[in-house]
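Asks: So that we are looking at the same thing, I have put the structure below in structure tokens.
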Amino acid sequence: AGHSNLAPTRKWNDRIGDWLVWSFFAQSVRRYRRSHWQHHLHLGGRGDTETSYASCLENPFLVRAATGLHALAVLG
């Protein structure tokens, strides 16, 4: 949803994203995009807002990601 690829128009993309994804996080796709843009501006640098891509895809990380423990650690 953050990259506007769920639906042909941004309006519907945001509605679908808000309903399917962001309602679980009490946030909107529009609000998330602001933070996500910082990720694109500072990819791999100190200002990068998303760093999970730097984690090695080994079993412990995949279990934490699948159970939501990784998200809790990032948000906490």
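Labeling convention for the structure tokens: chains A, B, ... as they appear, residues from 1 per chain, ligands from 1 in order of appearance.
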Neighbours of A:Ser4 within 9 Å (only C-alpha atoms; same-chain residues fewer than 3 positions away dropped), as a PyMOL selection string?
Replies: chain A and resi 1+7-10+13-14+17
Asks: With only C-alpha atoms as the basis for distance, which of A:Gly68, A:His39, A:Arg15, A:Arg33 is at the shortest distance from A:Thr51?
Replies: A:His39
Asks: Identify which of the residues A:Glu58, A:Gly44, A:Ala66, A:Leu72 lies closest to A:Phe25, counting only C-alpha atoms when measuring atom-to-atom distances.
Replies: A:Leu72
Asks: As an exercise, work out the distance from atom CA of A:His36 to atom CA of A:Val74 in Å and give it to one decimal place.
Replies: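 We find that atom CA of A:His36 and atom CA of A:Val74 lie 14.4 Å from each other.
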Asks: Just list the residues in chain A DSSP gives alpha helix (DSSP H) on the backbone, as a PyMOL selection string.
Replies: chain A and resi 10-20+29-41+59-67+69-75
Asks: Here is a test: counting only C-alpha atoms, which residue of A:Ala65, A:Ser35, A:Lys11, A:Asn59 is nearest to A:Gly47?
Replies: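 For A:Gly47, the nearest of the given residues is A:Ser35.
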Asks: Residues at most 12 Å from A:Trp37, counting only C-alpha atoms, excluding those fewer than 2 positions away in the same chain, as a list in words?
Replies: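 Near A:Trp37, the qualifying residues are Gly2, His3, Val29, Arg30, Arg31, Tyr32, Arg33, Arg34, Ser35, His39, His40, Leu41, His42, Leu43, Gly47, Asp48, Thr49 and Glu50 of chain A.
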Asks: Skipping near chain neighbours, those fewer than 5 positions away, what residues fall within 12 Å of A:His70 using only C-alpha atoms, listed as a VMD selection string?
Replies: chain A and resid 51 to 53 55 60 to 65 75 to 76
